[in-house]
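Read through the structure below, which is laid out as structure tokens, and then see the notes.
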2 protein chains.
Amino acid sequence: MKRKLKYWGWGYEDKSLSDKETSNLLKSLTTFGISGSDKAKFPSLDSISLSESRLTPPKSLETICTKDKYERVLHTFGQSQPDSIRTFLGDFSNAPDLIAYPKNEEDIVNLFEWCGEINAALIPYGAGSSVVGGVTSDVGEQYNGTVTIDLSLLNKVLEIDEQSQAARIQGGARGPELEAGLKPSGFTLRHFPQSFEHSTLGGWIATRSGGHFATLYTHIDDLVQNITMATPVGKIQSLRVPGSGAGPSPDRLMLGSEGSLGIITEAWVRLQKKPTFKATAGFLFSNFLVAAKSVKAISQAGLYPANVRIVDNVELKINNASNGSSTLMIVSFENSDHPVDAWITRAEQCCLDNGGVIDVDWRNNPSTNQESLVGAWREAFIRMPYNREKLTPRGIISDTFETAITWDKFENFFQNVKQATELAILQTTGHKGAVSCRFSHAYPDGPAPYFAFHANSEPNRMIEDWLAIKNAASDAIIANGGTITHHHAIGRDHSKWYKKQRPLLFGKVLNRSKEYLDPKGILNPGVIVT
Amino acid sequence: MKRKLKYWGWGYEDKSLSDKETSNLLKSLTTFGISGSDKAKFPSLDSISLSESRLTPPKSLETICTKDKYERVLHTFGQSQPDSIRTFLGDFSNAPDLIAYPKNEEDIVNLFEWCGEINAALIPYGAGSSVVGGVTSDVGEQYNGTVTIDLSLLNKVLEIDEQSQAARIQGGARGPELEAGLKPSGFTLRHFPQSFEHSTLGGWIATRSGGHFATLYTHIDDLVQNITMATPVGKIQSLRVPGSGAGPSPDRLMLGSEGSLGIITEAWVRLQKKPTFKATAGFLFSNFLVAAKSVKAISQAGLYPANVRIVDNVELKINNASNGSSTLMIVSFENSDHPVDAWITRAEQCCLDNGGVIDVDWRNNPSTNQESLVGAWREAFIRMPYNREKLTPRGIISDTFETAITWDKFENFFQNVKQATELAILQTTGHKGAVSCRFSHAYPDGPAPYFAFHANSEPNRMIEDWLAIKNAASDAIIANGGTITHHHAIGRDHSKWYKKQRPLLFGKVLNRSKEYLDPKGILNPGVIVT
């Protein structure tokens with residue numbers, strides 16, 4: 001029997017924070033003045049009222065479509081903060097009318113055709129992990145219905161080319177499925193976004209996902225050799241070569257298209273041999289901006305660590321990874337070909353030069369990534385997606401936003417965005433909140449800061465409170481020169497700022513691309529191209 | 001006084017092969033059965049007949065436009081083989097009517113407007129180094145005239161951000177100008193295509209130029225932080241950030257647009273500190289395919305050398321760099337931060353494991369890149385662009401083509417493309433020619449093979465002979481799965497194969513982008529988007 005996924009939060013029904021973990025989380029939030037006001041529960045499936053489905057699939061699509069209540073509820077939302085709140089409030093007024101599970105490209109073509117004929121909006125859905133409203137079935141009044149296409153049956157590793165270290169994989173393959181399919185070959189994609197367990201290759205490509213590698217090959221963009229995308233007017237398949245200079249890149253139109261131009265059915269991706277040489281070092285710094293200098297030094301040294309992250313004291317404390325007195329820096333190298341000692345030795349020096357203090361010594365410890373603060377934060381990182389289902393019912397807002405900014409602007413940017421968010425929390429909720437920051441990725445020309453915030457609210461005004469804070473943070477990000485998203489994508493939640501930031505004429509070009517590829521305008525309306 | 005550029009070949013009038021170099025080149029070609037049939041000269045400027053210019057600029061553009069004969073002749077062609085032959089034959093029937101030297105963006109806007117009004121084709125021209133007909137003023141009958149926009153006055157380094165290691169540079173800056181502007185800061189772009197001296201940043205971006213770095217940051221694509229492009233309907237300026245996941249990348253539409261969508265006026269580019277630690281090693285291999293195995297091993301080891309190139313025996317012999325008994329492999333590492341011994345030691349082992357024999361020992365020799373075969377080939381590489389002006393008048397065809405292919409297909413691809421080219425030379429000219437190969441760049445998933453060929457012909461049938469060989473080679477490339485260009489671009493010469501290889505629907509999208517951005521269809525017709 002298939003494990004059931006939660007409609008009210010992250011992952012499978014049988015997996016969530018333990019009572020102890022929950023109480024630790026709440027306790028650490030209390031030290032920031034944040035405490036839950038209630039312990040109401042998410043509504044049960046029975047208690048959720050859904051309007052009747054407006055759509056009946058034609059004979060040819062009957063076997064792949066369902067109107068099952070659980071399915072419609074599950075596919076109404078992704079994993080954003082407002083998604084969680086609306087789930088808690090039982091607001092399923094925009095539930096999709098049908099969920100389709102295509103088994104092959106032909107099914108997708110038939111769905112395009114049928115939805116075009118009846119003017120139904122069509123939402124491509126990988127595994128529903130969007131934290132920005134990318135799969136939220138809220139498409140406006142102009143459609144006669146909504147069909148969510150769940151791609152989870154297109155989940156095979158189709159071909160492995162060991163010579164070129166590449167594999168052809170279907171778009172609906174989730175992280176664990178994809179890695180399991182590669183495992184016998186000894187290769188791995190090593191694209192590990194925090195959503196790894198419940199996100200898909202096609203979703204990663206559609207949203208320009210950021211993965212495990214903090215430098216160099218940060219986005220899935222770099223790991224893609226070619227892409228096959230089904231559109232309402234036919235298939236786009238780019239040439240599979242290791243590099244090309246033949247005109248503007250077709251892949252780069254599909255990367256980031258967020259289901260608005262087509263559905264990514266498969267891709268050739270670049271693999272790595274499973275790393276056998278690994279080293280992780282941890283360092284403590286008195287504050288975040290000082291630690292950032294080490295990240296800058298390492299990023300500009302041409303060392304290309306797999307990981308180079310700093311996590312501020314607030315994030316460490318909220319997640320019970322430390323007492324909150326220091327910023328943690330994690331640097332790791334990995335390789336399947338040669339020992340990485342020369343690499344990490346130099347990176348370590350960059351940290352020591354900037355005042356870092358060793359957390360655990362990699363030289364004496366082959367499993368430093370599981371020890372001390374490094375290990376504690378790593379453990380917390382893996383569990384974080386499970387936090388929200390405990391917080392929303394208590395009226396505690398918990399959300400993240402992320403960006404990238406050049407080093408010349410970084411310090412001001414960081415102060416301004418943090419302050420704007422803190423101020424918005426205070427003004428909106430009447431209480432101080434907690435705003436934390438880490439770097440998710442780092443480049444020679446700048447970091448990708450990743451913010452998290454927690455704030456007191458009440459379930460009945462939580463959406464408005466969240467929106468006020470989100471508005472202030474997003475305004476501050478673009479006013480201070482950062483991108484509205486480095487790897488979370490645009491979805492419905494970032495659309496307003498994306499359109500401000502996107503070059504106007506490029507937007508016009510995208511609109512025309514959409515008009516051509518999706519002439520009836522049915523694909524994921526409200527995302528990227530309206 | 002400004003040094004004058006040759007209209008009949010590469011570089012400045014005062015720089016060409018010495019008599020000794022020329023005689024060595026001809027001698028080595030003789031050993032392949034290739035010998036010149038004549039010593040006629042390129043036509044003098046006086047002897048070239050040009051039809052009268054059809055265009056008179058309006059008052060507002062008078063000071064930046066010229067009809068000077070030398071200027072019109074110089075700007076008729078780029079640096080392709082057919083360009084050279086038509087110059088030799090004195091065929092300037094498609095000479096542009098006017099050459100414009102804009103001094104600022106306003107001039108460009110005025111040129112767009114005027115050319116749109118009078119239906120004149122408009123060819124953006126960086127420094128004219130296109131080897132694929134990208135600036136060849138051959139635009140068809142439907143225009144009332146042709147204006148070539150020479151961007152060489154927009155050649156400034158405008159701003160350097162030392163924190164982020166980036167600079168804002170105008171599109172018309174040639175390699176040496178750009179590096180001279182950066183030099184006081186200690187930074188360098190280190191983008192060194194073979195055309196470095198006579199090509200521009202804007203041209204590199206427009207054509208997705210391949211540079212110095214053989215791995216990792218191979219194309220200018222990777223060195224671009226943002227782009228500003230002027231189009232007939234307005235300006236596109238992308239956001240300057242170190243990374244982003246906000247929708248499809250605007251930069252990637254401009255990269256590779258080859259002047260068909262707009263003119264790149266400036267860009268922020270990523271810099272490096274001048275490398276202080278360098279090491280180069282050279283190895284000899286019994287044959288090219290064996291040497292390729294070392295390249296594969298190094299490319300897949302995560303070492304990211306600045307250079308990892310193999311050059312076959314034919315190329316070495318033609319350029320008098322060796323007696324032609326071996327394939328040469330060059331590996332080099334460079335860094336401004338730390339010694340590279342650990343890196344090159346491992347790369348060396350990859351070569352020795354695959355049967356390589358040391359050419360010069362990097363350990364005892366700080367300037368190995370100037371010694372032995374490595375040094376001899378490097379010297380020849382720098383001089384190569386000067387060869388053709390000595391060969392075309394003798395009826396010797398000399399051209400190059402390049403591609404990229406995954407490792408799984410590489411060996412068959414190499415054999416088939418080489419044989420198809422050799423066969424075409426034999427069938428077309430009645431003589432055997434010389435077809436050589438090197439790798440210009442290498443990726444974990446495949447190499448970028450770079451072929452050169454020389455063949456006997458006669459000036460009066462040289463265009464047809466060249467075209468027959470070019471057709472056969474290009475057909476073989478795409479039939480065997482390689483890209484029609486890895487970094488030379490499409491231009492007019494590759495257009496046929498590009499359109500075969502480009503996903504059909506992506507071509508339609510590009511056409512619609514062009515219709516929007518260049519509604520009168522005046523920008524570089526016949527290139528990328530017709």
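Order determines the names: the first chain of the structure tokens is A, the second B, and so forth; residues in each chain are numbered 1 upward, and ligands are numbered 1 upward as they are shown.
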Query raised in the report: So which residues touch Gly90 of chain B within 7 Å, counting only C-alpha atoms, skipping near sequence neighbours fewer than 3 positions away, as an MDAnalysis selection string?
Result: chainID B and resid 43 48 86:87
**Report entry** Sel. of strand (DSSP E or B) residues, segment 339-491 of chain A, as a PyMOL selection string
**Finding:** chain A and resi 357-360+396-402+434-443+446-456
Query raised in the report: Which residue, A:Gly133, A:Pro519, A:Gly324, A:Gly430, has the smallest gap to Cys115 of chain A when you use only C-alpha atoms?
Result: A:Pro519
Report task. Pick out the residues sitting within 9 Å of segment 67-75 of chain A, and hand them over as a ChimeraX atom specification; count only C-alpha atoms, and ignore anything fewer than 4 positions along from it in its own chain. Result -> /A:5-8,45,48,50,53,55-56,87,92,95-99,125,128,135-137,148,150
Keeping only C-alpha atoms, take the residues you just selected and write them out as a CSV table (one decimal), in the first residue's frame.
```
chain,number,residue,atom,x,y,z
A,5,LEU,CA,1.0,12.2,1.7
A,6,LYS,CA,-0.2,14.9,4.2
A,7,TYR,CA,-2.4,17.6,2.7
A,8,TRP,CA,-1.7,19.8,5.7
A,45,LEU,CA,-10.6,15.4,5.4
A,48,ILE,CA,-13.4,20.0,4.5
A,50,LEU,CA,-15.4,21.0,-1.5
A,53,SER,CA,-16.1,19.1,-9.6
A,55,LEU,CA,-15.3,18.7,-15.1
A,56,THR,CA,-15.9,15.2,-16.4
A,87,THR,CA,-5.4,24.6,4.6
A,92,PHE,CA,-10.4,24.8,-0.4
A,95,ALA,CA,-9.6,23.0,-5.3
A,96,PRO,CA,-8.8,21.6,-8.7
A,97,ASP,CA,-11.8,19.9,-10.4
A,98,LEU,CA,-9.8,16.9,-11.6
A,99,ILE,CA,-6.4,15.4,-10.9
A,125,TYR,CA,2.4,19.4,-10.5
A,128,GLY,CA,3.9,19.9,-4.8
A,135,VAL,CA,1.1,24.8,-7.9
A,136,THR,CA,-1.6,26.6,-5.9
A,137,SER,CA,-4.8,26.1,-7.9
A,148,THR,CA,-3.9,19.5,-11.9
A,150,ASP,CA,0.4,15.1,-11.3
```
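Taking atom CA of Leu391 of chain A and atom CA of Lys20 of chain A as endpoints, the distance between them is 14.5 Å.
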Report summary line: Of B:Asn319, B:Ser474, B:Asn511, B:Ser164, the one nearest to chain A when counting only C-alpha atoms is B:Ser164
Query raised in the report: atom CA of Arg394 of chain B to atom CA of Ser37 of chain B: how many Å, to one decimal?
Result: 5.3 Å
Report task. Would you mind writing down, as a ChimeraX atom specification, each residue of segment 9-119 of chain B that DSSP on the backbone assigns to helix (DSSP H, G or I)? Result -> /B:19-30,59-62,69-74,81-88,105-118
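Omitting Ser325 of chain A and its sequence neighbours fewer than 3 positions away, and counting only C-alpha atoms, the residues within 12 Å are Leu284, Phe285, Ser286, Asn287, Phe288, Val311, Asp312, Asn313, Val314, Glu315, Leu316, Lys317, Asn320, Ala321, Ser322, Leu328 and Leu373 of chain A.
The smallest atom-to-atom distance between chain A and any of B:Arg190, B:Arg174, B:His486, B:Arg438, using only C-alpha atoms, is found for B:His486.
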**Report entry** Polymer residues at most 9 Å from His494 of chain B, only C-alpha atoms, same-chain spacing of 4 or more positions, as an MDAnalysis selection string
**Finding:** chainID B and resid 132:133 474 484:485 489:490 498:499 527
Query raised in the report: Mind pulling up the distance from atom CA of Thr218 of chain B to atom CA of Ser440 of chain B?
Result: 9.4 Å
Query raised in the report: Which neighbours of Ile64 of chain A fall inside 9 Å, counting only C-alpha atoms, when residues of the same chain fewer than 6 positions from it are skipped, and could you give them as JSON, numbers by chain?
Result: {"A": [99, 100, 101, 102, 103, 107]}
Just N, CA and C atoms for this one: save the residues we selected as an mmCIF file, in the first residue's frame.
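Output file result05.cif follows:
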```
data_model
loop_
_atom_site.group_PDB
_atom_site.id
_atom_site.type_symbol
_atom_site.label_atom_id
_atom_site.label_comp_id
_atom_site.auth_asym_id
_atom_site.auth_seq_id
_atom_site.Cartn_x
_atom_site.Cartn_y
_atom_site.Cartn_z
ATOM 1 N N ILE A 99 -7.832 15.651 -10.976
ATOM 2 C CA ILE A 99 -6.398 15.385 -10.938
ATOM 3 C C ILE A 99 -6.120 14.332 -12.004
ATOM 4 N N ALA A 100 -5.156 14.640 -12.878
ATOM 5 C CA ALA A 100 -4.801 13.693 -13.932
ATOM 6 C C ALA A 100 -3.415 13.125 -13.656
ATOM 7 N N TYR A 101 -3.284 11.832 -13.848
ATOM 8 C CA TYR A 101 -1.993 11.156 -13.691
ATOM 9 C C TYR A 101 -1.561 10.577 -15.037
ATOM 10 N N PRO A 102 -0.965 11.388 -15.915
ATOM 11 C CA PRO A 102 -0.570 10.853 -17.224
ATOM 12 C C PRO A 102 0.462 9.752 -17.088
ATOM 13 N N LYS A 103 0.326 8.752 -17.989
ATOM 14 C CA LYS A 103 1.269 7.633 -17.967
ATOM 15 C C LYS A 103 2.316 7.768 -19.053
ATOM 16 N N ASP A 107 -0.790 10.897 -23.200
ATOM 17 C CA ASP A 107 -1.784 11.367 -22.232
ATOM 18 C C ASP A 107 -1.696 12.881 -22.051
#
```
Query raised in the report: Which residue gives the smallest distance to Leu223 of chain B among B:Phe112, B:Phe187, B:Trp268, B:Trp407, with only C-alpha atoms counted?
Result: B:Trp268
Query raised in the report: With distances taken over only C-alpha atoms, which of A:Asn387, A:Ser35, A:Asn110, A:Thr146 is nearest to Thr22 of chain A?
Result: A:Asn387
Residues at most 9 Å from segment 458-472 of chain B, counting only C-alpha atoms, excluding those fewer than 4 positions away in the same chain, as a tab-separated table (two decimals) with C-alpha atoms, in the first residue's frame?
```
chain	number	residue	atom	x	y	z
B	36	GLY	CA	49.93	26.61	-54.20
B	37	SER	CA	49.21	27.09	-57.88
B	38	ASP	CA	49.80	30.78	-58.13
B	81	GLN	CA	37.26	31.41	-45.95
B	82	PRO	CA	34.67	32.60	-48.50
B	85	ILE	CA	38.23	34.28	-51.49
B	86	ARG	CA	35.73	36.95	-52.48
B	88	PHE	CA	40.85	38.00	-53.50
B	89	LEU	CA	38.44	37.88	-56.44
B	392	THR	CA	44.09	32.06	-50.59
B	393	PRO	CA	46.10	33.76	-53.40
B	394	ARG	CA	47.80	30.41	-54.02
B	395	GLY	CA	44.49	28.59	-54.31
B	396	ILE	CA	44.99	26.71	-51.06
B	397	ILE	CA	41.81	26.34	-49.05
B	398	SER	CA	42.37	26.62	-45.30
B	399	ASP	CA	39.51	26.57	-42.89
B	401	PHE	CA	35.15	24.05	-38.02
B	417	VAL	CA	33.60	13.57	-39.55
B	420	ALA	CA	33.72	12.66	-44.60
B	421	THR	CA	35.87	15.79	-44.79
B	422	GLU	CA	38.84	13.94	-46.29
B	423	LEU	CA	36.59	12.25	-48.84
B	424	ALA	CA	34.94	15.53	-49.80
B	425	ILE	CA	38.35	17.11	-50.33
B	428	THR	CA	36.02	17.91	-54.94
B	429	THR	CA	39.60	18.80	-55.66
B	476	ALA	CA	28.64	14.83	-41.11
B	477	ILE	CA	28.69	16.84	-37.90
```
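Of the residues under consideration (B:Ser23, B:Ser257, B:Asn104, B:Ser80), B:Ser257 shows the shortest atom-to-atom contact distance to chain A when counting only C-alpha atoms.
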